[in-house]
>>> print(open('structure34.cif').read())   # mmCIF, C-alpha atoms and all ligand atoms
data_entry
loop_
_atom_site.group_PDB
_atom_site.id
_atom_site.type_symbol
_atom_site.label_atom_id
_atom_site.label_comp_id
_atom_site.auth_asym_id
_atom_site.auth_seq_id
_atom_site.Cartn_x
_atom_site.Cartn_y
_atom_site.Cartn_z
ATOM 1 C CA MET A 588 48.760 -23.131 -24.358
ATOM 2 C CA LYS A 589 45.319 -22.860 -25.966
ATOM 3 C CA LYS A 590 42.578 -20.368 -25.248
ATOM 4 C CA CYS A 591 38.905 -21.196 -25.660
ATOM 5 C CA LYS A 592 37.184 -18.710 -27.990
ATOM 6 C CA ASN A 593 33.857 -19.396 -26.358
ATOM 7 C CA CYS A 594 34.563 -19.042 -22.613
ATOM 8 C CA GLY A 595 38.150 -17.751 -22.445
ATOM 9 C CA ALA A 596 39.496 -20.682 -20.396
ATOM 10 C CA LEU A 597 43.214 -21.436 -20.802
ATOM 11 C CA GLN A 598 44.290 -25.032 -21.247
ATOM 12 C CA SER A 599 47.118 -27.297 -22.293
ATOM 13 C CA ASP A 600 47.938 -27.989 -25.980
ATOM 14 C CA LYS A 601 46.953 -31.611 -25.405
ATOM 15 C CA HIS A 602 43.258 -30.710 -25.228
ATOM 16 C CA PHE A 603 41.143 -30.591 -28.382
ATOM 17 C CA TYR A 604 37.912 -29.634 -26.637
ATOM 18 C CA CYS A 605 37.456 -27.006 -23.908
ATOM 19 C CA ILE A 606 37.409 -28.575 -20.433
ATOM 20 C CA ASP A 607 34.967 -25.877 -19.295
ATOM 21 C CA CYS A 608 32.402 -25.539 -22.059
ATOM 22 C CA ASN A 609 33.218 -28.450 -24.393
ATOM 23 C CA LYS A 610 33.642 -26.299 -27.553
ATOM 24 C CA LYS A 611 36.312 -27.278 -30.087
ATOM 25 C CA LEU A 612 39.645 -25.501 -29.470
ATOM 26 C CA ASP A 613 41.772 -23.720 -32.125
ATOM 27 C CA ALA A 614 45.530 -24.058 -32.678
ATOM 28 C CA PRO A 615 47.858 -23.198 -29.734
ATOM 29 C CA LEU A 616 48.572 -19.507 -29.021
ATOM 30 C CA SER A 617 51.597 -17.759 -30.526
ATOM 31 C CA ASP A 618 54.526 -17.068 -28.168
ATOM 32 C CA GLU A 619 53.540 -13.409 -28.036
ATOM 33 C CA ASP A 620 49.915 -14.133 -27.075
ATOM 34 C CA LYS A 621 51.082 -16.764 -24.620
ATOM 35 C CA ALA A 622 53.303 -14.209 -22.866
ATOM 36 C CA LYS A 623 50.365 -11.775 -22.712
ATOM 37 C CA GLU A 624 48.095 -14.396 -21.154
ATOM 38 C CA GLU A 625 50.742 -15.358 -18.613
ATOM 39 C CA ALA A 626 51.299 -11.718 -17.613
ATOM 40 C CA HIS A 627 47.547 -11.245 -17.221
ATOM 41 C CA LEU A 628 47.295 -14.388 -15.088
ATOM 42 C CA GLU A 629 50.183 -13.215 -12.921
ATOM 43 C CA LYS A 630 48.428 -9.889 -12.343
ATOM 44 C CA THR A 631 45.138 -11.575 -11.415
ATOM 45 C CA ILE A 632 46.899 -13.807 -8.866
ATOM 46 C CA GLN A 633 48.726 -10.775 -7.474
ATOM 47 C CA ASN A 634 45.409 -8.934 -7.018
ATOM 48 C CA LEU A 635 43.848 -11.918 -5.273
ATOM 49 C CA SER A 636 46.717 -12.225 -2.794
ATOM 50 C CA ASN A 637 46.705 -8.460 -2.188
ATOM 51 C CA LYS A 638 43.032 -8.636 -1.247
ATOM 52 C CA SER A 639 43.778 -11.186 1.450
ATOM 53 C CA ASP A 640 46.570 -9.015 2.899
ATOM 54 C CA TYR A 641 45.338 -7.073 5.922
ATOM 55 C CA PHE A 642 47.707 -4.158 5.281
ATOM 56 C CA TYR A 643 46.971 -3.768 1.580
ATOM 57 C CA VAL A 644 45.201 -0.484 0.743
ATOM 58 C CA SER A 645 43.036 -1.096 -2.331
ATOM 59 C CA LYS A 646 41.651 1.433 -4.803
ATOM 60 C CA SER A 647 38.225 1.056 -3.258
ATOM 61 C CA ASP A 648 39.709 1.807 0.208
ATOM 62 C CA LYS A 649 41.110 5.043 -1.213
ATOM 63 C CA THR A 650 37.747 5.898 -2.794
ATOM 64 C CA THR A 651 35.993 5.265 0.537
ATOM 65 C CA THR A 652 38.253 7.723 2.387
ATOM 66 C CA LEU A 653 37.905 10.307 -0.396
ATOM 67 C CA LEU A 654 34.095 10.083 -0.232
ATOM 68 C CA LEU A 655 34.143 10.327 3.576
ATOM 69 C CA GLY A 656 36.209 13.514 3.261
ATOM 70 C CA ILE A 657 33.878 15.042 0.656
ATOM 71 C CA LEU A 658 30.786 14.186 2.712
ATOM 72 C CA SER A 659 32.298 15.641 5.886
ATOM 73 C CA ILE A 660 32.801 18.924 4.014
ATOM 74 C CA LEU A 661 29.220 18.792 2.657
ATOM 75 C CA HIS A 662 27.910 18.229 6.201
ATOM 76 C CA ILE A 663 29.850 21.279 7.431
ATOM 77 C CA ILE A 664 28.646 23.454 4.521
ATOM 78 C CA LEU A 665 25.020 22.481 5.168
ATOM 79 C CA MET A 666 25.462 23.144 8.897
ATOM 80 C CA ILE A 667 26.758 26.651 8.124
ATOM 81 C CA ILE A 668 23.969 27.409 5.609
ATOM 82 C CA ARG A 669 21.184 26.137 7.902
ATOM 83 C CA LYS A 670 22.767 27.024 11.231
ATOM 84 C CA ASP A 671 19.517 28.047 12.972
ATOM 85 C CA PHE A 672 17.867 24.751 12.112
ATOM 86 C CA TYR A 673 20.947 22.817 13.273
ATOM 87 C CA ARG A 674 21.109 24.729 16.561
ATOM 88 C CA GLU A 675 17.417 24.243 17.254
ATOM 89 C CA TYR A 676 17.634 20.429 16.989
ATOM 90 C CA TYR A 677 21.171 20.005 18.416
ATOM 91 C CA LEU A 678 22.327 18.628 15.061
ATOM 92 C CA ASN A 679 25.754 20.250 15.481
ATOM 93 C CA TRP A 680 26.584 17.339 17.764
ATOM 94 C CA ILE A 681 25.597 14.802 15.125
ATOM 95 C CA VAL A 682 27.823 16.557 12.568
ATOM 96 C CA PHE A 683 30.648 16.543 15.126
ATOM 97 C CA ILE A 684 30.222 12.778 15.661
ATOM 98 C CA ILE A 685 30.063 12.178 11.886
ATOM 99 C CA ILE A 686 33.338 14.050 11.353
ATOM 100 C CA VAL A 687 35.185 12.319 14.211
ATOM 101 C CA LEU A 688 33.919 8.963 12.932
ATOM 102 C CA SER A 689 34.920 9.780 9.330
ATOM 103 C CA ILE A 690 38.427 10.831 10.356
ATOM 104 C CA SER A 691 39.049 7.751 12.517
ATOM 105 C CA VAL A 692 37.661 5.380 9.871
ATOM 106 C CA SER A 693 39.774 7.074 7.184
ATOM 107 C CA ILE A 694 42.950 6.687 9.244
ATOM 108 C CA ASP A 695 42.129 3.025 9.835
ATOM 109 C CA VAL A 696 41.492 2.405 6.126
ATOM 110 C CA ARG A 697 44.468 4.324 4.729
ATOM 111 C CA PHE A 698 47.021 3.442 7.434
ATOM 112 C CA PRO A 699 46.019 -0.009 8.706
ATOM 113 C CA ARG A 700 49.419 -0.480 10.373
ATOM 114 C CA ILE A 701 48.791 2.391 12.804
ATOM 115 C CA SER A 702 45.475 1.046 14.055
ATOM 116 C CA TRP A 703 46.814 -2.516 14.096
ATOM 117 C CA ASN A 704 49.727 -1.477 16.337
ATOM 118 C CA LEU A 705 47.297 0.335 18.647
ATOM 119 C CA TYR A 706 45.041 -2.720 18.723
ATOM 120 C CA LYS A 707 47.976 -4.974 19.598
ATOM 121 C CA LEU A 708 48.743 -2.900 22.704
ATOM 122 C CA ARG A 709 45.879 -4.533 24.550
ATOM 123 C CA PHE A 710 47.776 -7.834 24.406
ATOM 124 C CA TYR A 711 50.943 -6.205 25.653
ATOM 125 C CA LEU A 712 50.807 -7.699 29.139
ATOM 126 C CA ALA A 713 49.167 -10.994 28.221
ATOM 127 C CA VAL A 714 51.476 -12.236 25.442
ATOM 128 C CA ASP A 715 55.230 -12.879 25.494
ATOM 129 C CA ASN A 716 55.998 -11.902 21.935
ATOM 130 C CA ILE A 717 53.576 -9.277 20.694
ATOM 131 C CA ASP A 718 54.928 -9.433 17.130
ATOM 132 C CA ASP A 719 53.613 -12.981 16.788
ATOM 133 C CA ILE A 720 50.005 -11.756 16.769
ATOM 134 C CA GLU A 721 48.509 -11.479 13.291
ATOM 135 C CA PRO A 722 45.155 -10.110 12.113
ATOM 136 C CA SER A 723 42.481 -12.806 11.876
ATOM 137 C CA SER A 724 40.379 -13.319 8.769
ATOM 138 C CA PHE A 725 37.430 -11.845 10.668
ATOM 139 C CA MET A 726 39.442 -8.661 11.225
ATOM 140 C CA LEU A 727 40.295 -8.554 7.526
ATOM 141 C CA TRP A 728 36.593 -8.840 6.696
ATOM 142 C CA ALA A 729 35.699 -6.146 9.254
ATOM 143 C CA ARG A 730 38.408 -3.837 7.904
ATOM 144 C CA ARG A 731 36.842 -3.995 4.433
ATOM 145 C CA PHE A 732 33.197 -4.041 5.513
ATOM 146 C CA VAL A 733 32.809 -1.578 8.422
ATOM 147 C CA PRO A 734 34.116 1.545 6.575
ATOM 148 C CA ARG A 735 31.647 0.957 3.734
ATOM 149 C CA VAL A 736 28.735 0.678 6.180
ATOM 150 C CA ILE A 737 29.840 3.908 7.870
ATOM 151 C CA LEU A 738 30.137 5.635 4.488
ATOM 152 C CA LEU A 739 26.573 4.554 3.691
ATOM 153 C CA LEU A 740 25.333 5.913 7.049
ATOM 154 C CA VAL A 741 27.121 9.240 6.507
ATOM 155 C CA ILE A 742 25.546 9.547 3.032
ATOM 156 C CA MET A 743 22.076 8.725 4.402
ATOM 157 C CA ALA A 744 22.503 11.202 7.288
ATOM 158 C CA PHE A 745 23.406 13.904 4.782
ATOM 159 C CA ILE A 746 20.347 13.235 2.610
ATOM 160 C CA VAL A 747 18.004 13.206 5.645
ATOM 161 C CA MET A 748 19.502 16.441 7.053
ATOM 162 C CA LEU A 749 19.428 18.147 3.652
ATOM 163 C CA ILE A 750 15.759 17.336 3.069
ATOM 164 C CA SER A 751 14.572 18.036 6.642
ATOM 165 C CA SER A 752 16.473 21.331 6.960
ATOM 166 C CA PHE A 753 14.738 22.679 3.853
ATOM 167 C CA ILE A 754 11.293 21.349 4.770
ATOM 168 C CA ALA A 755 11.425 22.828 8.293
HETATM 169 ZN ZN ZN B 1 35.429 -22.967 -23.231
#
>>> encode(input="structure34.cif", output="structure tokens")
Amino acid sequence: MKKCKNCGALQSDKHFYCIDCNKKLDAPLSDEDKAKEEAHLEKTIQNLSNKSDYFYVSKSDKTTTLLLGILSILHIILMIIRKDFYREYYLNWIVFIIIVLSISVSIDVRFPRISWNLYKLRFYLAVDNIDDIEPSSFMLWARRFVPRVILLLVIMAFIVMLISSFIA
């Protein structure tokens, strides 16, 4: 195994020039370096296949739920500090909706199996073997995308409420 110094591509010992960038290649890697590269490659492949697994909870999923929790608390603190303003414009209801939404999204992100089993129930009468149903790639995309959009909305709602409650 050889590694290109210029672009980092790995290639067979038979090559003298990099197949990616055409630079001249050095001598093959030592056994130790080769093992390191193979372990790194293995990890990268593992990460890629985890990302395509519907039930895999990534680091960024965990961060999303943590931020939703922190923002829910910030919304409640602001509501308590500016309670007259919130009451006047019925904003308590918006905070209530934000918190319910944050909790349900967090459960869906952290425990995808729970929401998937609930979702499957709607096929209960229509399908013979309910365990044969698997999440589609669209659902995988939605599972990663929707919580981030909601997080963005919750952040924006907090900024708008913070500014308007102190201007009013
Ligand atoms: Zn190269």
>>> closest_residue(input="structure34.cif", among="A:Cys591, A:Leu655, A:Leu597, A:Ile685", to="Asn609 (chain A)", atoms="all atoms listed in the file")
A:Cys591
>>> residues_around(input="structure34.cif", residues="Leu654 (chain A)", least_positions_apart="5", cutoff="9 Å", atoms="all atoms listed in the file", output="list in words")
Lys649, Ser659 and Leu738 of chain A
>>> residues_near_ligand(input="structure34.cif", ligand="ligand ZN 1 (chain B)", cutoff="9 Å", atoms="all atoms listed in the file", output="number ranges by chain")
A: 590-597, 604-612
>>> residues_near_point(input="structure34.cif", point="(36.6, 9.2, 7.8)", cutoff="9 Å", atoms="only C-alpha atoms", output="MDAnalysis selection string")
chainID A and resid 651:656 659 685:696 734 737:738
>>> axis_aligned_box(input="structure34.cif", around="region 679-698 of chain A", padding_each_side="4 Å", output="lines of an AutoDock Vina configuration file")
center_x = 36.3
center_y = 11.3
center_z = 11.2
size_x = 29.4
size_y = 25.8
size_z = 21.0
>>> atom_distance(input="structure34.cif", atom1="CA of Val741 (chain A)", atom2="CA of Leu661 (chain A)")
10.5 Å
>>> atom_distance(input="structure34.cif", atom1="CA of His627 (chain A)", atom2="CA of Asp648 (chain A)")
23.1 Å
>>> closest_residue(input="structure34.cif", among="A:Leu727, A:Leu665, A:Leu740, A:Leu708", to="Phe753 (chain A)", atoms="all atoms listed in the file")
A:Leu665
>>> resolve_selection(input="structure34.cif", expression="the PyMOL selection byres (((chain A and resi 749) around 12) and not hetatm)", output="list of chain:residue names")
A:Leu661, A:His662, A:Ile663, A:Ile664, A:Leu665, A:Met666, A:Ile668, A:Arg669, A:Phe672, A:Tyr673, A:Leu678, A:Ile742, A:Met743, A:Ala744, A:Phe745, A:Ile746, A:Val747, A:Met748, A:Ile750, A:Ser751, A:Ser752, A:Phe753, A:Ile754, A:Ala755
>>> resolve_selection(input="structure34.cif", expression="the PyMOL selection byres (((chain A and resi 719-726) around 10) and not hetatm)", output="PyMOL selection string")
chain A and resi 639-642+703+706-707+710+714-718+727-732
>>> atom_distance(input="structure34.cif", atom1="CA of Ser599 (chain A)", atom2="CA of Lys623 (chain A)")
15.9 Å
